[in-house]
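To start, the structure under review is shown below, and the notes come after it.
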Amino acid sequence: MENRRRFLQASAAAVTARSVLGANDRVQMAIIGTGTRGNQVFTGFSAHTDQVFVAACDVAADRLDAFVTSHGKMDTYKDYRRVLERKDIDAVLITAPDHQHEPILQAALSAGKDAYIEKPISNSIGPAQRMVEAVHKSDRVVQVGLQQRSWPHFQECARLIREGYIGTVRQSVMYYGNYMRVPEVDPPTPVPDTLDWQGWLGPAPRKPYAPSRQRTWRAYYDYGGGMITDWGVHLVDVEHWYLQADSKGPAKTTAASNYLTTTRPDRDQTPDTFSIVWEYDNYIATFTNTSPAGLDGIPGTGNYFYGDKGVMLVNRSGYRVFPVAGRMGGGRGPAGRAGQPAPNLPPPPPPIEPRKGEGGRDATPLHARNFLDCVKSRQKPTCHIDIGFHSSLPCIIALMAIQQGRAFTWDGKTAKAV
């Protein structure tokens, strides 16, 4: 028994040896998934000199070759499990498709690796819950790539709302004005020589290869969730953050959707037009993929928070405040005479100039900085796994509501159809 105990201790020490890093040590990393977003997040990490990527992994050899050509020499792998066997790697950047997140993260945690994982954490509830449980059982640092949490003007706006600048917020309205075109259905074709299709499918249902399934995987329920999860998770994350709902799920989820820009829709694909409603204990949230016009150089897309003193819009370009609807009268009705304040409303907030965002249009370098700092300090990162789960959850339930044409409740553990 004593020999076994010593063996386990020695094994654990070997796995975690490189995780005990000093402030000046370089964090040695590997990237798993070298697609478009992988390249973007890699570039965010590259802003910091205390990290180095020593390995890259992808089941598509052509994509992997292009990545190394663009970013410099590093060891390449087709199987992520071979990457995780390396004791010299401290942390992994997981930017594979959403359906692959759970098995890769589980394996990384078992190998003693810290992880920066892209959002949403998964495209279905069961895997997402298992990921949370696995992180809780480990001592690893896991950052979810909801980088708006690290953006200064988003942080400033959060403080204003939490301090009551626009009063009590009862409604959150989210717009992302873009139709994710559902690709035309393409017939199965031979698998390219450069692709391990079965490895790409991973835990997803076995389907014959078709170019659109790999190229536009976000549009398929099996692998992603279209605009609903891809952008919805960012918007929901801001809503939860500002309204102190980071540990909440929606009490009820309903949705309407259709395929209005697609000639021949495949029902395996998410719809191109939708409107979603989430009911919480103290506010209502809605999300639709359209957008009002912008103003003051700030686009109209993003998060709108409706308080009883004003309305605040925040997005990646900045934020601005509008008068609350109904504050100024328009003739007859409870608002009174035209141009007169409506009765029984709190005083409006003091004037605030529209705030333009700073530092370009991406906070990924800041989010990566927080992760690297936490790898060294062993502190909890800005967007830890619990936040990532609860920001992903409403979007995943919305997918279920759209697929099944039913409303869903959430009791804290299970989504149940109404």
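Here, A, B, ... name the chains of the structure tokens in the order displayed, residue numbers run from 1 inside each chain, and ligands are numbered from 1 in the same displayed order.
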Next on the checklist: Need to verify the contact set: stretch 291-295 of chain A, 8 Å, only C-alpha atoms, exclusion of same-chain residues closer than 3 positions in sequence. Can you return it as a list of chain:residue names?
Outcome noted: A:Tyr175, A:Tyr176, A:Gly177, A:Ile298, A:Pro299, A:Gly300, A:Thr301
Could those selected residues go to a file with N, CA and C atoms, as a PDB file, in the first residue's frame?
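Saved the output as result-v3.pdb:
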ATOM      1  N   TYR A 175     -29.667  41.973 -29.550  1.00  0.00           N
ATOM      2  CA  TYR A 175     -29.730  41.937 -31.003  1.00  0.00           C
ATOM      3  C   TYR A 175     -28.359  41.571 -31.552  1.00  0.00           C
ATOM      4  N   TYR A 176     -28.362  40.710 -32.535  1.00  0.00           N
ATOM      5  CA  TYR A 176     -27.166  40.544 -33.346  1.00  0.00           C
ATOM      6  C   TYR A 176     -27.622  40.527 -34.785  1.00  0.00           C
ATOM      7  N   GLY A 177     -27.425  41.638 -35.482  1.00  0.00           N
ATOM      8  CA  GLY A 177     -28.018  41.846 -36.796  1.00  0.00           C
ATOM      9  C   GLY A 177     -27.296  41.152 -37.915  1.00  0.00           C
ATOM     10  N   ILE A 298     -21.910  54.329 -32.797  1.00  0.00           N
ATOM     11  CA  ILE A 298     -22.021  53.035 -32.122  1.00  0.00           C
ATOM     12  C   ILE A 298     -23.115  52.224 -32.802  1.00  0.00           C
ATOM     13  N   PRO A 299     -22.828  51.047 -33.335  1.00  0.00           N
ATOM     14  CA  PRO A 299     -23.855  50.244 -34.008  1.00  0.00           C
ATOM     15  C   PRO A 299     -25.012  49.914 -33.069  1.00  0.00           C
ATOM     16  N   GLY A 300     -26.171  49.603 -33.678  1.00  0.00           N
ATOM     17  CA  GLY A 300     -27.339  49.302 -32.860  1.00  0.00           C
ATOM     18  C   GLY A 300     -27.366  47.888 -32.333  1.00  0.00           C
ATOM     19  N   THR A 301     -26.497  47.018 -32.827  1.00  0.00           N
ATOM     20  CA  THR A 301     -26.463  45.631 -32.360  1.00  0.00           C
ATOM     21  C   THR A 301     -25.865  45.563 -30.969  1.00  0.00           C
TER      22      THR A 301
END
Surrounding residues of A:Glu118 excluding itself and chain neighbours under 5 positions, 12 Å, only C-alpha atoms, as a short mmCIF file (atom, residue, chain, number, x, y, z; two decimals) with C-alpha atoms, in the first residue's frame:
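Output file selection.cif follows:
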data_model
loop_
_atom_site.label_atom_id
_atom_site.label_comp_id
_atom_site.auth_asym_id
_atom_site.auth_seq_id
_atom_site.Cartn_x
_atom_site.Cartn_y
_atom_site.Cartn_z
CA ILE A 31 -3.30 24.49 -29.58
CA ILE A 32 -5.97 21.90 -30.41
CA GLY A 33 -8.03 23.05 -33.39
CA ARG A 37 -11.04 31.05 -34.40
CA GLY A 38 -7.97 29.07 -33.40
CA GLN A 40 -7.51 34.44 -33.89
CA VAL A 41 -7.06 33.31 -30.29
CA PHE A 42 -3.49 32.20 -31.00
CA VAL A 92 -3.79 23.86 -23.93
CA LEU A 93 -5.83 26.20 -26.09
CA ILE A 94 -8.97 24.30 -27.15
CA THR A 95 -10.50 25.81 -30.28
CA ALA A 96 -11.95 22.68 -31.86
CA PRO A 97 -15.67 22.64 -32.86
CA ASP A 98 -18.13 22.88 -29.98
CA HIS A 99 -19.15 19.21 -29.97
CA GLN A 100 -15.51 18.22 -29.34
CA HIS A 101 -15.01 20.41 -26.27
CA GLU A 102 -16.01 17.89 -23.61
CA ILE A 104 -10.78 17.19 -25.17
CA LEU A 105 -11.20 19.09 -21.89
CA ASN A 123 -23.68 22.52 -27.75
CA VAL A 142 -9.86 26.74 -16.95
CA GLN A 143 -10.74 29.98 -18.72
CA VAL A 144 -13.75 30.15 -21.08
CA GLY A 145 -13.26 32.41 -24.10
CA LEU A 146 -15.94 34.98 -23.30
CA GLN A 147 -13.43 37.77 -23.74
CA THR A 229 -24.89 29.75 -29.58
CA ASP A 230 -22.08 31.40 -31.54
CA VAL A 233 -23.49 33.12 -25.69
CA HIS A 234 -21.59 36.46 -25.78
CA THR A 364 -8.74 38.39 -26.60
CA HIS A 367 -8.43 37.62 -21.71
CA ALA A 368 -5.34 35.58 -22.57
CA CYS A 383 -14.49 33.65 -16.84
CA HIS A 384 -14.23 30.32 -15.04
CA ILE A 385 -16.17 27.20 -15.99
CA GLY A 388 -19.13 29.65 -19.01
CA PHE A 389 -21.74 27.00 -18.24
CA SER A 392 -24.01 28.72 -22.56
#
Item to check | Residue neighbourhood A:Asp411, 9 Å, only C-alpha atoms, exclusion window fewer than 4 positions, as number ranges by chain | outcome: A: 249-251, 415-416
Requested write-out: C-alpha atoms of the selected residues, as a short mmCIF file (atom, residue, chain, number, x, y, z; two decimals), in the first residue's frame:
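Once everything was written out, this is part35.cif:
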data_model
loop_
_atom_site.label_atom_id
_atom_site.label_comp_id
_atom_site.auth_asym_id
_atom_site.auth_seq_id
_atom_site.Cartn_x
_atom_site.Cartn_y
_atom_site.Cartn_z
CA GLY A 249 -30.63 29.59 -15.56
CA PRO A 250 -33.84 30.76 -17.26
CA ALA A 251 -36.99 29.57 -15.52
CA ALA A 415 -34.45 21.11 -18.83
CA LYS A 416 -38.02 19.85 -19.02
#
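Using only C-alpha atoms for every distance, the candidate list A:Leu313, A:Ala47, A:Ile396, A:Val238 yields A:Val238 as the residue closest to A:Ser150.
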Item to check | helix (DSSP H, G or I) per DSSP on the backbone: members of stretch 17-131 of chain A, as a VMD selection string | outcome: chain A and resid 17 to 19 36 to 45 61 to 71 80 to 84 98 to 110 125 to 131
Since we have the selection now, will you write its residues out, keeping N, CA and C atoms, as a compact mmCIF listing (two decimals), in the first residue's frame?
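In the end it all went to selection-v1.txt:
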# COMPACT_ATOMS: atom_id res chain seq x y z
N ALA A 17 4.46 18.97 -12.58
CA ALA A 17 5.74 19.62 -12.29
C ALA A 17 5.86 20.96 -12.99
N ARG A 18 5.47 21.05 -14.27
CA ARG A 18 5.65 22.28 -15.00
C ARG A 18 4.58 23.31 -14.70
N SER A 19 3.56 22.91 -13.95
CA SER A 19 2.51 23.86 -13.62
C SER A 19 2.87 24.76 -12.46
N THR A 36 -10.34 28.97 -38.09
CA THR A 36 -10.37 30.44 -38.08
C THR A 36 -10.25 30.99 -36.67
N ARG A 37 -11.09 30.52 -35.76
CA ARG A 37 -11.04 31.05 -34.40
C ARG A 37 -9.75 30.64 -33.70
N GLY A 38 -9.24 29.47 -33.98
CA GLY A 38 -7.97 29.07 -33.40
C GLY A 38 -6.86 30.03 -33.76
N ASN A 39 -6.82 30.43 -35.03
CA ASN A 39 -5.82 31.41 -35.45
C ASN A 39 -6.00 32.74 -34.74
N GLN A 40 -7.24 33.17 -34.55
CA GLN A 40 -7.51 34.44 -33.89
C GLN A 40 -7.07 34.43 -32.42
N VAL A 41 -7.42 33.37 -31.70
CA VAL A 41 -7.06 33.31 -30.29
C VAL A 41 -5.55 33.14 -30.14
N PHE A 42 -4.95 32.34 -31.00
CA PHE A 42 -3.49 32.20 -31.00
C PHE A 42 -2.83 33.56 -31.12
N THR A 43 -3.33 34.39 -32.02
CA THR A 43 -2.78 35.73 -32.19
C THR A 43 -2.93 36.55 -30.92
N GLY A 44 -4.05 36.37 -30.21
CA GLY A 44 -4.23 37.06 -28.93
C GLY A 44 -3.20 36.65 -27.91
N PHE A 45 -2.89 35.37 -27.85
CA PHE A 45 -1.86 34.88 -26.93
C PHE A 45 -0.48 35.39 -27.34
N ALA A 61 -5.04 17.83 -42.02
CA ALA A 61 -3.61 18.06 -42.23
C ALA A 61 -3.34 19.34 -43.02
N ASP A 62 -4.18 19.67 -43.99
CA ASP A 62 -3.95 20.90 -44.76
C ASP A 62 -4.09 22.13 -43.89
N ARG A 63 -5.08 22.12 -42.99
CA ARG A 63 -5.27 23.25 -42.08
C ARG A 63 -4.10 23.35 -41.11
N LEU A 64 -3.65 22.23 -40.62
CA LEU A 64 -2.52 22.21 -39.69
C LEU A 64 -1.26 22.75 -40.36
N ASP A 65 -1.01 22.34 -41.59
CA ASP A 65 0.16 22.83 -42.32
C ASP A 65 0.09 24.34 -42.53
N ALA A 66 -1.10 24.82 -42.87
CA ALA A 66 -1.27 26.27 -43.09
C ALA A 66 -1.03 27.04 -41.79
N PHE A 67 -1.46 26.47 -40.68
CA PHE A 67 -1.28 27.14 -39.39
C PHE A 67 0.21 27.28 -39.06
N VAL A 68 0.94 26.20 -39.21
CA VAL A 68 2.37 26.23 -38.89
C VAL A 68 3.12 27.15 -39.86
N THR A 69 2.71 27.15 -41.12
CA THR A 69 3.33 28.05 -42.09
C THR A 69 3.14 29.51 -41.68
N SER A 70 1.96 29.82 -41.14
CA SER A 70 1.65 31.20 -40.74
C SER A 70 2.31 31.60 -39.43
N HIS A 71 2.42 30.67 -38.49
CA HIS A 71 2.79 31.05 -37.13
C HIS A 71 4.14 30.52 -36.66
N TYR A 80 -5.19 14.56 -30.53
CA TYR A 80 -4.93 15.42 -29.36
C TYR A 80 -4.42 14.63 -28.16
N ARG A 81 -4.73 13.35 -28.10
CA ARG A 81 -4.25 12.55 -26.97
C ARG A 81 -2.73 12.44 -26.94
N ARG A 82 -2.12 12.47 -28.13
CA ARG A 82 -0.65 12.44 -28.19
C ARG A 82 -0.06 13.74 -27.66
N VAL A 83 -0.76 14.85 -27.91
CA VAL A 83 -0.31 16.15 -27.38
C VAL A 83 -0.33 16.12 -25.85
N LEU A 84 -1.40 15.58 -25.30
CA LEU A 84 -1.58 15.62 -23.85
C LEU A 84 -0.63 14.68 -23.11
N ASP A 98 -17.47 22.93 -31.28
CA ASP A 98 -18.13 22.88 -29.98
C ASP A 98 -18.39 21.46 -29.49
N HIS A 99 -18.79 20.56 -30.39
CA HIS A 99 -19.15 19.21 -29.97
C HIS A 99 -17.94 18.42 -29.46
N GLN A 100 -16.73 18.91 -29.77
CA GLN A 100 -15.51 18.22 -29.34
C GLN A 100 -14.99 18.73 -28.00
N HIS A 101 -15.58 19.77 -27.47
CA HIS A 101 -15.01 20.41 -26.27
C HIS A 101 -14.93 19.47 -25.07
N GLU A 102 -16.01 18.72 -24.83
CA GLU A 102 -16.01 17.89 -23.61
C GLU A 102 -14.91 16.83 -23.61
N PRO A 103 -14.82 15.97 -24.62
CA PRO A 103 -13.78 14.93 -24.53
C PRO A 103 -12.37 15.51 -24.47
N ILE A 104 -12.13 16.61 -25.19
CA ILE A 104 -10.78 17.19 -25.17
C ILE A 104 -10.48 17.78 -23.79
N LEU A 105 -11.44 18.51 -23.22
CA LEU A 105 -11.20 19.09 -21.89
C LEU A 105 -11.04 18.01 -20.84
N GLN A 106 -11.88 16.98 -20.89
CA GLN A 106 -11.76 15.89 -19.93
C GLN A 106 -10.37 15.27 -19.99
N ALA A 107 -9.88 15.03 -21.20
CA ALA A 107 -8.55 14.43 -21.36
C ALA A 107 -7.46 15.38 -20.88
N ALA A 108 -7.62 16.66 -21.14
CA ALA A 108 -6.63 17.64 -20.70
C ALA A 108 -6.55 17.71 -19.18
N LEU A 109 -7.70 17.69 -18.53
CA LEU A 109 -7.72 17.72 -17.06
C LEU A 109 -7.06 16.47 -16.50
N SER A 110 -7.37 15.31 -17.09
CA SER A 110 -6.78 14.06 -16.62
C SER A 110 -5.26 14.07 -16.78
N ILE A 125 -26.50 20.00 -23.15
CA ILE A 125 -26.43 20.20 -21.71
C ILE A 125 -25.60 19.13 -21.00
N GLY A 126 -25.80 17.86 -21.35
CA GLY A 126 -25.10 16.79 -20.66
C GLY A 126 -23.59 16.96 -20.68
N PRO A 127 -22.98 17.12 -21.85
CA PRO A 127 -21.54 17.34 -21.89
C PRO A 127 -21.10 18.57 -21.11
N ALA A 128 -21.90 19.65 -21.18
CA ALA A 128 -21.55 20.87 -20.45
C ALA A 128 -21.53 20.62 -18.95
N GLN A 129 -22.51 19.87 -18.46
CA GLN A 129 -22.55 19.57 -17.02
C GLN A 129 -21.37 18.69 -16.60
N ARG A 130 -21.01 17.74 -17.45
CA ARG A 130 -19.88 16.88 -17.12
C ARG A 130 -18.57 17.66 -17.11
N MET A 131 -18.46 18.65 -17.97
CA MET A 131 -17.27 19.50 -17.98
C MET A 131 -17.14 20.28 -16.68
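Neighbouring residues of stretch 206-208 of chain A at 8 Å or closer, counting only C-alpha atoms and skipping chain neighbours under 2 positions away, are A:Pro188, A:Thr189, A:Gln198, A:Leu201, A:Ala204, A:Ala210.
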Let me see the file: selected residues, C-alpha atoms, as a PDB file, in the first residue's frame.
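Contents of the output file selection20.pdb:
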ATOM      1  CA  PRO A 188     -21.963  13.153 -49.499  1.00  0.00           C
ATOM      2  CA  THR A 189     -18.581  13.086 -51.207  1.00  0.00           C
ATOM      3  CA  GLN A 198     -14.085   9.970 -37.970  1.00  0.00           C
ATOM      4  CA  LEU A 201     -16.875  13.678 -35.813  1.00  0.00           C
ATOM      5  CA  ALA A 204     -21.153  13.284 -32.778  1.00  0.00           C
ATOM      6  CA  ALA A 210     -20.128  16.474 -46.909  1.00  0.00           C
TER       7      ALA A 210
END
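Taking only C-alpha atoms into account, A:Phe274 lies nearest to A:Ala401 out of the set A:Ala111, A:Val169, A:Ala401, A:Ala407.
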Next on the checklist: Going by DSSP on the backbone, which residues of stretch 78-318 of chain A come out as strand (DSSP E or B)? List them as an MDAnalysis selection string.
Outcome noted: chainID A and resid 91:94 114:117 142:144 169:175 195 220 252:258 269 273:279 284:288 295 298 302:307 311:315 318
Can I get the selection written as a short mmCIF file (atom, residue, chain, number, x, y, z; two decimals), in the first residue's frame, with N, CA and C atoms?
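Once written, again_0.cif looks like this:
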data_model
loop_
_atom_site.label_atom_id
_atom_site.label_comp_id
_atom_site.auth_asym_id
_atom_site.auth_seq_id
_atom_site.Cartn_x
_atom_site.Cartn_y
_atom_site.Cartn_z
N ALA A 91 -0.29 24.01 -20.58
CA ALA A 91 -1.68 24.40 -20.83
C ALA A 91 -2.02 24.20 -22.29
N VAL A 92 -3.32 24.04 -22.56
CA VAL A 92 -3.79 23.86 -23.93
C VAL A 92 -4.83 24.91 -24.28
N LEU A 93 -4.81 25.32 -25.52
CA LEU A 93 -5.83 26.20 -26.09
C LEU A 93 -6.75 25.32 -26.93
N ILE A 94 -8.02 25.20 -26.49
CA ILE A 94 -8.97 24.30 -27.15
C ILE A 94 -9.90 25.12 -28.02
N ASP A 114 -3.76 22.85 -17.65
CA ASP A 114 -4.69 23.97 -17.60
C ASP A 114 -5.25 24.18 -19.00
N ALA A 115 -6.38 24.90 -19.11
CA ALA A 115 -7.01 25.01 -20.43
C ALA A 115 -7.72 26.35 -20.61
N TYR A 116 -7.54 26.91 -21.78
CA TYR A 116 -8.34 28.03 -22.28
C TYR A 116 -9.23 27.42 -23.35
N ILE A 117 -10.55 27.45 -23.14
CA ILE A 117 -11.47 26.77 -24.04
C ILE A 117 -12.45 27.76 -24.63
N VAL A 142 -9.12 26.81 -15.68
CA VAL A 142 -9.86 26.74 -16.95
C VAL A 142 -10.52 28.08 -17.20
N GLN A 143 -10.15 28.71 -18.29
CA GLN A 143 -10.74 29.98 -18.72
C GLN A 143 -11.62 29.73 -19.94
N VAL A 144 -12.86 30.26 -19.93
CA VAL A 144 -13.75 30.15 -21.08
C VAL A 144 -13.61 31.43 -21.90
N VAL A 169 -33.46 47.26 -13.57
CA VAL A 169 -33.59 46.67 -14.91
C VAL A 169 -34.54 45.49 -14.85
N ARG A 170 -35.58 45.55 -15.66
CA ARG A 170 -36.56 44.46 -15.73
C ARG A 170 -36.56 43.76 -17.07
N GLN A 171 -35.92 44.38 -18.07
CA GLN A 171 -35.88 43.75 -19.39
C GLN A 171 -34.48 43.88 -19.99
N SER A 172 -34.03 42.79 -20.60
CA SER A 172 -32.77 42.76 -21.35
C SER A 172 -33.10 42.30 -22.76
N VAL A 173 -32.72 43.13 -23.74
CA VAL A 173 -33.01 42.82 -25.14
C VAL A 173 -31.69 42.71 -25.89
N MET A 174 -31.52 41.62 -26.61
CA MET A 174 -30.26 41.35 -27.30
C MET A 174 -30.49 41.23 -28.80
N TYR A 175 -29.67 41.97 -29.55
CA TYR A 175 -29.73 41.94 -31.00
C TYR A 175 -28.36 41.57 -31.55
N LEU A 195 -7.99 14.68 -44.41
CA LEU A 195 -8.90 14.79 -43.27
C LEU A 195 -9.18 13.44 -42.62
N TYR A 220 -24.83 23.41 -37.98
CA TYR A 220 -25.43 22.10 -37.74
C TYR A 220 -25.64 21.84 -36.25
N LYS A 252 -37.91 29.72 -17.77
CA LYS A 252 -38.67 29.24 -18.92
C LYS A 252 -38.05 29.78 -20.20
N THR A 253 -38.02 28.95 -21.24
CA THR A 253 -37.46 29.33 -22.53
C THR A 253 -38.46 29.03 -23.63
N THR A 254 -38.75 30.02 -24.45
CA THR A 254 -39.61 29.83 -25.62
C THR A 254 -38.91 30.43 -26.84
N ALA A 255 -39.28 29.98 -28.03
CA ALA A 255 -38.62 30.46 -29.24
C ALA A 255 -39.52 30.29 -30.45
N ALA A 256 -39.35 31.22 -31.41
CA ALA A 256 -39.97 31.11 -32.73
C ALA A 256 -38.86 31.20 -33.76
N SER A 257 -38.98 30.44 -34.85
CA SER A 257 -37.90 30.44 -35.84
C SER A 257 -38.44 30.00 -37.19
N ASN A 258 -37.61 30.26 -38.22
CA ASN A 258 -37.98 29.81 -39.56
C ASN A 258 -36.74 29.85 -40.46
N GLN A 269 -29.86 21.58 -39.78
CA GLN A 269 -29.22 22.86 -39.63
C GLN A 269 -30.10 23.83 -38.84
N THR A 273 -33.54 32.54 -39.10
CA THR A 273 -34.31 33.65 -38.52
C THR A 273 -34.95 33.15 -37.23
N PHE A 274 -34.79 33.92 -36.14
CA PHE A 274 -35.31 33.43 -34.86
C PHE A 274 -35.56 34.58 -33.89
N SER A 275 -36.40 34.30 -32.92
CA SER A 275 -36.63 35.19 -31.79
C SER A 275 -36.83 34.32 -30.55
N ILE A 276 -36.07 34.60 -29.50
CA ILE A 276 -36.05 33.76 -28.30
C ILE A 276 -36.43 34.61 -27.09
N VAL A 277 -37.18 34.02 -26.17
CA VAL A 277 -37.55 34.68 -24.92
C VAL A 277 -37.14 33.80 -23.75
N TRP A 278 -36.41 34.39 -22.80
CA TRP A 278 -36.03 33.71 -21.56
C TRP A 278 -36.66 34.43 -20.38
N GLU A 279 -37.33 33.68 -19.53
CA GLU A 279 -37.93 34.25 -18.31
C GLU A 279 -37.06 33.90 -17.11
N ILE A 284 -36.94 39.70 -17.76
CA ILE A 284 -37.20 38.99 -19.02
C ILE A 284 -36.09 39.33 -19.99
N ALA A 285 -35.60 38.35 -20.74
CA ALA A 285 -34.58 38.58 -21.74
C ALA A 285 -35.05 38.06 -23.09
N THR A 286 -34.73 38.79 -24.15
CA THR A 286 -35.07 38.36 -25.50
C THR A 286 -33.84 38.48 -26.40
N PHE A 287 -33.79 37.66 -27.44
CA PHE A 287 -32.68 37.66 -28.39
C PHE A 287 -33.23 37.39 -29.78
N THR A 288 -32.88 38.25 -30.72
CA THR A 288 -33.27 38.05 -32.11
C THR A 288 -32.13 38.45 -33.02
N LEU A 295 -26.17 54.79 -33.72
CA LEU A 295 -26.21 56.23 -33.43
C LEU A 295 -24.91 56.61 -32.75
N ILE A 298 -21.91 54.33 -32.80
CA ILE A 298 -22.02 53.03 -32.12
C ILE A 298 -23.11 52.22 -32.80
N GLY A 302 -26.22 44.53 -30.18
CA GLY A 302 -25.64 44.36 -28.86
C GLY A 302 -26.67 44.14 -27.78
N ASN A 303 -26.33 44.53 -26.55
CA ASN A 303 -27.17 44.35 -25.37
C ASN A 303 -27.84 45.66 -24.99
N TYR A 304 -29.17 45.63 -24.85
CA TYR A 304 -29.94 46.77 -24.35
C TYR A 304 -30.48 46.41 -22.97
N PHE A 305 -30.25 47.28 -22.01
CA PHE A 305 -30.77 47.09 -20.66
C PHE A 305 -31.79 48.19 -20.38
N TYR A 306 -33.03 47.78 -20.10
CA TYR A 306 -34.12 48.71 -19.90
C TYR A 306 -34.37 48.90 -18.40
N GLY A 307 -33.92 50.05 -17.88
CA GLY A 307 -34.14 50.38 -16.49
C GLY A 307 -35.26 51.40 -16.36
N VAL A 311 -32.19 53.69 -20.57
CA VAL A 311 -31.87 52.50 -21.35
C VAL A 311 -30.40 52.57 -21.75
N MET A 312 -29.68 51.49 -21.55
CA MET A 312 -28.27 51.46 -21.90
C MET A 312 -28.01 50.40 -22.96
N LEU A 313 -27.29 50.80 -24.01
CA LEU A 313 -26.81 49.89 -25.05
C LEU A 313 -25.31 49.71 -24.89
N VAL A 314 -24.83 48.47 -24.93
CA VAL A 314 -23.40 48.21 -24.90
C VAL A 314 -23.08 47.17 -25.96
N ASN A 315 -22.00 47.40 -26.69
CA ASN A 315 -21.49 46.44 -27.65
C ASN A 315 -19.99 46.64 -27.79
N GLY A 318 -18.65 50.28 -28.04
CA GLY A 318 -18.81 51.23 -26.93
C GLY A 318 -20.16 51.08 -26.26
#
